[in-house]
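Undergrad: Below is a structure I'd like to ask you about.
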Amino acid sequence: MGAPRIVIVGAGFGGISAAIELRRHGFDDITILEKAAGLGGTWFYNSYPGAACDVPSHLYSFSYEQRRDWSRLCSPQAEILRYLRDVADERGITDLIRFSQPVSECAFDPESGRWTVRTEPGAAYEADALILATGQLSRPSVPALPGLEDFAGHSFHSARWDHDYDLTGRRVAVVGTGASAVQFVPEVARVAARLSVFQRTGNWFLPRRNRVYSRLVRSAIRYVPGLQRLRRTFLFEYCESLTLAIRHPRTIGRVAALRSAAFMRRQLPDPELRRRAWPDYTFGCKRILFSSHYLPTLGRPNVDLVTEPIAEVTPAGLRTADGREHPVDCIIWGTGFKATEFVAPMVVRGGAGETLEDVWRDGAHAHLGMSVPGFPSMFLMYGPNTNTSGGSIIFYLEAQAAYIRQALEHLRAGGHRVLDIRPDVEAASDRELQARFAGTAWTGCDSWYRDRHGRIVANWPGYMREYLERTRTFAASDYVFT
């Protein structure tokens with residue numbers, strides 16, 4: 001095989017990471033197709049007030065592109081987006097991106113051994129290798145409530161924030177209390193006349209005091225040799241300790257839960273509010289949230305925490321199961337993403353004509369989250385079971401990019417046209433992976449990590465260092481080459 005032509009779908013951290021790794025090793029024929037008008041993926045779309053990363057920036061960044069000028073521990077959205085744009089520019093990746101090109105279909109032709117990638121505007125691209133870097137958190141989810149179309153006020157999803165709509169003095173409803181909502185609810189509460197927060201389940205919280213760095217701290221980070229590396233190592237181990245607590249809920253997990261509970265009790269002095277906001281599931285089953293501002297916001301005089309289920313949307317607002325109507329001017333859907341659908345609604349058709357949707361009808365699966373049998377020379381970034389509950393997804397993306405690069409190097413060196421993961425290898429790795437969830441906190445409730453069958457398809461069941469070890473060296477014997 002000569003120089004392969006590579007198409008990457010998605011220009012977020014995953015797509016940028018793959019392109020950088022491939023270019024560093026002599027792969028130059030790369031096209032990145034991005035549906036948005038700019039790069040950034042999640043950080044392009046999620047511009048809501050208070051948007052920031054839960055993971056400190058010195059870990060939530062590429063290991064080979066460290067910065068010493070972050071403004072605070074967990075950087076805000078604009079800073080993260082600027083970082084990714086700067087990295088893409090510095091590494092010559094921006095020129096590879098075709099913006100406003102949502103992909104409608106990817107189809108593999110067994111005769112030519114190539115992929116054809118078609119976009120909604122009508123363009124078509126040929127590829128020897130296809131990398132799908134659309135991620136898990138790219139498609140907003142709004143619940144299909146009765147009367148949704150009847151609401152007479154204004155509404156939008158938090159991942160498509162309407163910055164032209166002024167919330168000042170408005171009656172606002174926020175539906176959902178996940179990771180995004182806990183960041184923007186305190187911001188909305190400061191300006192809204194009335195804020196009703198509709199909660200399905202409570203959350204476990206840990207503190208996050210995200211103050212702007214002082215001049216002394218900034219100087220230390222910039223000038224003290226080895227300090228940044230030390231901070232990154234410490235954060236890595238701290239994140240691994242969260243995974244340890246989730247994997248062992250009856251021992252280490254109980255200690256972590258006690259720490260969380262003590263913090264939450266201090267944040268919620270009102271016993272009745274505390275009762276309604278308290279989670280009713282094992283610590284770590286759902287995403288652990290980091291905030292020192294959300295829970296106190298629930299106690300503000302202009303904020304109501306509503307725990308009755310929403311029965312329907314009315315022209316005036318929301319009606320809950322107890323028959324009470326909550327009149328509002330604006331509904332903000334903080335209801336997350338269609339995380340378990342992965343590449344949908346894009347149609348991806350493999351060598352036998354089957355689509356990924358067909359193959360994944362009983363739950364998404366892929367060897368190491370990257371390779372699916374019957375879809376030759378195709379790789380996923382941030383695919384099934386590669387999400388992290390306690391670490392940095394950038395760490396996983398770097399590991400995946402290096403693994404994919406090794407696979408394509410093997411193709412190039414061996415003169416092969418395509419490679420395909422062996423079905424027996426993928427099935428065995430999936431069985432082993434799913435078995436590792438037994439006895440962990442992840443199995444203790446219903447969460448967005450599960451699909452409609454109850455199968456956990458989002459999360460990796462172990463530690464970051466384990467994933468790195470399993471992906472460090474490309475195992476050619478796991479694949480069939482033709």
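Note on naming: chains are A, B, ... as they come in the structure tokens, residues start from 1 per chain, ligands start from 1 in the order shown.
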Return as JSON lines the residues of region 422-448 of chain A lying at most 7 Å from region 282-296 of chain A, together with the closest atom-to-atom pair for each and the distance in Å to one decimal, counting only C-alpha atoms, with rows in chain order and ascending residue number.
TA:
```
{"residue": "A:Ala441", "atom": "CA", "partner": "A:Cys285", "partner_atom": "CA", "distance": 4.7}
{"residue": "A:Trp442", "atom": "CA", "partner": "A:Cys285", "partner_atom": "CA", "distance": 4.2}
{"residue": "A:Thr443", "atom": "CA", "partner": "A:Cys285", "partner_atom": "CA", "distance": 6.6}
{"residue": "A:Gly444", "atom": "CA", "partner": "A:Cys285", "partner_atom": "CA", "distance": 5.8}
{"residue": "A:Cys445", "atom": "CA", "partner": "A:Cys285", "partner_atom": "CA", "distance": 6.1}
{"residue": "A:Ser447", "atom": "CA", "partner": "A:Lys286", "partner_atom": "CA", "distance": 5.8}
```
Undergrad: Taking a cut-off of 6 Å and counting only C-alpha atoms, can you build a table that, for each residue of region 115-177 of chain A near region 187-205 of chain A, reports the nearest atom pair and how far apart they are in Å (one decimal), sorted by chain then residue number, as CSV?
TA:
```
residue,atom,partner,partner_atom,distance
A:Leu167,CA,A:Ala192,CA,5.8
A:Thr168,CA,A:Val191,CA,4.7
A:Gly169,CA,A:Ala193,CA,4.4
A:Arg170,CA,A:Ala192,CA,5.1
A:Arg171,CA,A:Arg194,CA,4.7
A:Val172,CA,A:Leu195,CA,4.9
A:Ala173,CA,A:Ser196,CA,4.7
A:Val174,CA,A:Val197,CA,4.9
A:Val175,CA,A:Phe198,CA,4.8
A:Gly176,CA,A:Gln199,CA,5.6
A:Thr177,CA,A:Gln199,CA,5.8
```
Undergrad: Next, dump the selected residues to file, keeping only N, CA and C atoms, as a PDB file, in the first residue's frame.
TA:
```
ATOM      1  N   LEU A 167     -32.095  36.635  29.760  1.00  0.00           N
ATOM      2  CA  LEU A 167     -32.798  35.955  30.855  1.00  0.00           C
ATOM      3  C   LEU A 167     -33.088  36.880  32.030  1.00  0.00           C
ATOM      4  N   THR A 168     -32.611  38.093  31.973  1.00  0.00           N
ATOM      5  CA  THR A 168     -32.774  39.031  33.089  1.00  0.00           C
ATOM      6  C   THR A 168     -34.254  39.298  33.368  1.00  0.00           C
ATOM      7  N   GLY A 169     -34.648  39.067  34.628  1.00  0.00           N
ATOM      8  CA  GLY A 169     -36.019  39.333  35.047  1.00  0.00           C
ATOM      9  C   GLY A 169     -37.040  38.324  34.555  1.00  0.00           C
ATOM     10  N   ARG A 170     -36.587  37.229  33.960  1.00  0.00           N
ATOM     11  CA  ARG A 170     -37.504  36.219  33.405  1.00  0.00           C
ATOM     12  C   ARG A 170     -37.797  35.113  34.423  1.00  0.00           C
ATOM     13  N   ARG A 171     -38.893  34.426  34.156  1.00  0.00           N
ATOM     14  CA  ARG A 171     -39.190  33.181  34.870  1.00  0.00           C
ATOM     15  C   ARG A 171     -38.599  32.052  34.024  1.00  0.00           C
ATOM     16  N   VAL A 172     -37.650  31.344  34.604  1.00  0.00           N
ATOM     17  CA  VAL A 172     -36.888  30.359  33.837  1.00  0.00           C
ATOM     18  C   VAL A 172     -37.037  28.978  34.461  1.00  0.00           C
ATOM     19  N   ALA A 173     -37.190  27.970  33.591  1.00  0.00           N
ATOM     20  CA  ALA A 173     -37.153  26.577  34.022  1.00  0.00           C
ATOM     21  C   ALA A 173     -35.901  25.928  33.459  1.00  0.00           C
ATOM     22  N   VAL A 174     -35.182  25.230  34.309  1.00  0.00           N
ATOM     23  CA  VAL A 174     -34.063  24.400  33.856  1.00  0.00           C
ATOM     24  C   VAL A 174     -34.457  22.956  34.093  1.00  0.00           C
ATOM     25  N   VAL A 175     -34.485  22.187  33.024  1.00  0.00           N
ATOM     26  CA  VAL A 175     -34.839  20.770  33.125  1.00  0.00           C
ATOM     27  C   VAL A 175     -33.554  19.960  33.045  1.00  0.00           C
ATOM     28  N   GLY A 176     -33.244  19.268  34.112  1.00  0.00           N
ATOM     29  CA  GLY A 176     -32.013  18.496  34.172  1.00  0.00           C
ATOM     30  C   GLY A 176     -31.025  19.088  35.153  1.00  0.00           C
ATOM     31  N   THR A 177     -30.294  18.207  35.830  1.00  0.00           N
ATOM     32  CA  THR A 177     -29.330  18.672  36.839  1.00  0.00           C
ATOM     33  C   THR A 177     -28.000  17.948  36.683  1.00  0.00           C
TER      34      THR A 177
END
```
Undergrad: Hey, could you make a per-residue contact list for region 5-82 of chain A against region 321-340 of chain A with 12 Å as the cut-off, showing the nearest pair of atoms and its distance in Å to one decimal, counting only C-alpha atoms, sorted by chain and number, as CSV?
TA:
```
residue,atom,partner,partner_atom,distance
A:Thr42,CA,A:Phe337,CA,10.8
A:Asn46,CA,A:Gly336,CA,11.1
A:Tyr48,CA,A:Gly334,CA,10.5
```
Undergrad: Take the residues from that selection and write them out as an mmCIF file, in the first residue's frame, keeping C-alpha atoms.
TA:
```cif
data_model
loop_
_atom_site.group_PDB
_atom_site.id
_atom_site.type_symbol
_atom_site.label_atom_id
_atom_site.label_comp_id
_atom_site.auth_asym_id
_atom_site.auth_seq_id
_atom_site.Cartn_x
_atom_site.Cartn_y
_atom_site.Cartn_z
ATOM 1 C CA THR A 42 -18.013 19.921 22.418
ATOM 2 C CA ASN A 46 -21.181 24.322 24.704
ATOM 3 C CA TYR A 48 -23.355 28.403 28.077
#
```
Undergrad: Please provide the set of residues having any atom within 12 Å of Trp460 (chain A), restricted to only C-alpha atoms, with same-chain residues fewer than 6 positions apart removed, written as a count of residues only.
TA: 33
Undergrad: Quick one: residues within 10 Å of Arg85 (chain A), only C-alpha atoms, excluding same-chain residues fewer than 2 positions away - as a VMD selection string?
TA: chain A and resid 12 16 38 to 40 79 to 83 87 to 91 93 to 94
Undergrad: Got a sec to tell me which of region 8-115 of chain A DSSP assigns to alpha helix (DSSP H), as number ranges by chain?
TA: A: 13-24, 42-45, 77-90
Undergrad: Mind writing the picked residues with N, CA and C atoms as a PDB file, in the first residue's frame?
TA:
```pdb
ATOM      1  N   PHE A  13     -11.393  17.447  19.940  1.00  0.00           N
ATOM      2  CA  PHE A  13     -10.120  16.964  20.469  1.00  0.00           C
ATOM      3  C   PHE A  13      -9.710  15.638  19.826  1.00  0.00           C
ATOM      4  N   GLY A  14     -10.683  14.748  19.567  1.00  0.00           N
ATOM      5  CA  GLY A  14     -10.360  13.452  18.979  1.00  0.00           C
ATOM      6  C   GLY A  14      -9.807  13.561  17.579  1.00  0.00           C
ATOM      7  N   GLY A  15     -10.510  14.268  16.706  1.00  0.00           N
ATOM      8  CA  GLY A  15     -10.063  14.415  15.334  1.00  0.00           C
ATOM      9  C   GLY A  15      -8.744  15.144  15.227  1.00  0.00           C
ATOM     10  N   ILE A  16      -8.576  16.213  16.027  1.00  0.00           N
ATOM     11  CA  ILE A  16      -7.324  16.973  16.021  1.00  0.00           C
ATOM     12  C   ILE A  16      -6.176  16.091  16.509  1.00  0.00           C
ATOM     13  N   SER A  17      -6.433  15.308  17.562  1.00  0.00           N
ATOM     14  CA  SER A  17      -5.406  14.419  18.110  1.00  0.00           C
ATOM     15  C   SER A  17      -4.955  13.399  17.073  1.00  0.00           C
ATOM     16  N   ALA A  18      -5.913  12.793  16.367  1.00  0.00           N
ATOM     17  CA  ALA A  18      -5.567  11.798  15.344  1.00  0.00           C
ATOM     18  C   ALA A  18      -4.749  12.422  14.218  1.00  0.00           C
ATOM     19  N   ALA A  19      -5.167  13.593  13.774  1.00  0.00           N
ATOM     20  CA  ALA A  19      -4.465  14.252  12.670  1.00  0.00           C
ATOM     21  C   ALA A  19      -3.032  14.616  13.061  1.00  0.00           C
ATOM     22  N   ILE A  20      -2.841  15.112  14.275  1.00  0.00           N
ATOM     23  CA  ILE A  20      -1.492  15.466  14.735  1.00  0.00           C
ATOM     24  C   ILE A  20      -0.603  14.240  14.766  1.00  0.00           C
ATOM     25  N   GLU A  21      -1.100  13.165  15.338  1.00  0.00           N
ATOM     26  CA  GLU A  21      -0.310  11.939  15.453  1.00  0.00           C
ATOM     27  C   GLU A  21       0.059  11.383  14.080  1.00  0.00           C
ATOM     28  N   LEU A  22      -0.880  11.381  13.155  1.00  0.00           N
ATOM     29  CA  LEU A  22      -0.616  10.845  11.824  1.00  0.00           C
ATOM     30  C   LEU A  22       0.385  11.712  11.058  1.00  0.00           C
ATOM     31  N   ARG A  23       0.233  13.008  11.156  1.00  0.00           N
ATOM     32  CA  ARG A  23       1.160  13.897  10.441  1.00  0.00           C
ATOM     33  C   ARG A  23       2.569  13.812  11.017  1.00  0.00           C
ATOM     34  N   ARG A  24       2.670  13.606  12.310  1.00  0.00           N
ATOM     35  CA  ARG A  24       3.993  13.479  12.922  1.00  0.00           C
ATOM     36  C   ARG A  24       4.750  12.261  12.411  1.00  0.00           C
ATOM     37  N   THR A  42     -17.269  19.582  21.194  1.00  0.00           N
ATOM     38  CA  THR A  42     -18.013  19.921  22.418  1.00  0.00           C
ATOM     39  C   THR A  42     -17.752  21.351  22.860  1.00  0.00           C
ATOM     40  N   TRP A  43     -16.507  21.800  22.731  1.00  0.00           N
ATOM     41  CA  TRP A  43     -16.142  23.134  23.227  1.00  0.00           C
ATOM     42  C   TRP A  43     -16.505  24.229  22.238  1.00  0.00           C
ATOM     43  N   PHE A  44     -16.872  23.875  21.036  1.00  0.00           N
ATOM     44  CA  PHE A  44     -17.429  24.844  20.097  1.00  0.00           C
ATOM     45  C   PHE A  44     -18.896  25.095  20.424  1.00  0.00           C
ATOM     46  N   TYR A  45     -19.629  24.033  20.711  1.00  0.00           N
ATOM     47  CA  TYR A  45     -21.072  24.147  20.902  1.00  0.00           C
ATOM     48  C   TYR A  45     -21.482  24.544  22.314  1.00  0.00           C
ATOM     49  N   GLN A  77     -14.660  27.579  29.009  1.00  0.00           N
ATOM     50  CA  GLN A  77     -14.843  27.097  27.635  1.00  0.00           C
ATOM     51  C   GLN A  77     -14.046  27.892  26.616  1.00  0.00           C
ATOM     52  N   ALA A  78     -14.088  29.204  26.694  1.00  0.00           N
ATOM     53  CA  ALA A  78     -13.410  30.030  25.696  1.00  0.00           C
ATOM     54  C   ALA A  78     -11.910  29.778  25.696  1.00  0.00           C
ATOM     55  N   GLU A  79     -11.347  29.528  26.864  1.00  0.00           N
ATOM     56  CA  GLU A  79      -9.914  29.285  26.975  1.00  0.00           C
ATOM     57  C   GLU A  79      -9.534  27.927  26.385  1.00  0.00           C
ATOM     58  N   ILE A  80     -10.370  26.922  26.631  1.00  0.00           N
ATOM     59  CA  ILE A  80     -10.128  25.586  26.078  1.00  0.00           C
ATOM     60  C   ILE A  80     -10.238  25.626  24.558  1.00  0.00           C
ATOM     61  N   LEU A  81     -11.256  26.319  24.061  1.00  0.00           N
ATOM     62  CA  LEU A  81     -11.441  26.420  22.617  1.00  0.00           C
ATOM     63  C   LEU A  81     -10.256  27.147  21.972  1.00  0.00           C
ATOM     64  N   ARG A  82      -9.795  28.217  22.615  1.00  0.00           N
ATOM     65  CA  ARG A  82      -8.643  28.945  22.089  1.00  0.00           C
ATOM     66  C   ARG A  82      -7.398  28.059  22.085  1.00  0.00           C
ATOM     67  N   TYR A  83      -7.225  27.252  23.125  1.00  0.00           N
ATOM     68  CA  TYR A  83      -6.095  26.318  23.189  1.00  0.00           C
ATOM     69  C   TYR A  83      -6.123  25.356  22.003  1.00  0.00           C
ATOM     70  N   LEU A  84      -7.286  24.757  21.743  1.00  0.00           N
ATOM     71  CA  LEU A  84      -7.376  23.779  20.666  1.00  0.00           C
ATOM     72  C   LEU A  84      -7.155  24.440  19.306  1.00  0.00           C
ATOM     73  N   ARG A  85      -7.684  25.644  19.134  1.00  0.00           N
ATOM     74  CA  ARG A  85      -7.449  26.370  17.882  1.00  0.00           C
ATOM     75  C   ARG A  85      -5.958  26.676  17.704  1.00  0.00           C
ATOM     76  N   ASP A  86      -5.311  27.113  18.775  1.00  0.00           N
ATOM     77  CA  ASP A  86      -3.886  27.429  18.688  1.00  0.00           C
ATOM     78  C   ASP A  86      -3.063  26.189  18.344  1.00  0.00           C
ATOM     79  N   VAL A  87      -3.387  25.069  18.994  1.00  0.00           N
ATOM     80  CA  VAL A  87      -2.663  23.827  18.722  1.00  0.00           C
ATOM     81  C   VAL A  87      -2.861  23.403  17.267  1.00  0.00           C
ATOM     82  N   ALA A  88      -4.103  23.474  16.791  1.00  0.00           N
ATOM     83  CA  ALA A  88      -4.381  23.095  15.400  1.00  0.00           C
ATOM     84  C   ALA A  88      -3.625  23.991  14.429  1.00  0.00           C
ATOM     85  N   ASP A  89      -3.554  25.276  14.714  1.00  0.00           N
ATOM     86  CA  ASP A  89      -2.814  26.201  13.856  1.00  0.00           C
ATOM     87  C   ASP A  89      -1.315  25.902  13.884  1.00  0.00           C
ATOM     88  N   GLU A  90      -0.782  25.741  15.102  1.00  0.00           N
ATOM     89  CA  GLU A  90       0.657  25.530  15.249  1.00  0.00           C
ATOM     90  C   GLU A  90       1.114  24.230  14.596  1.00  0.00           C
TER      91      GLU A  90
END
```
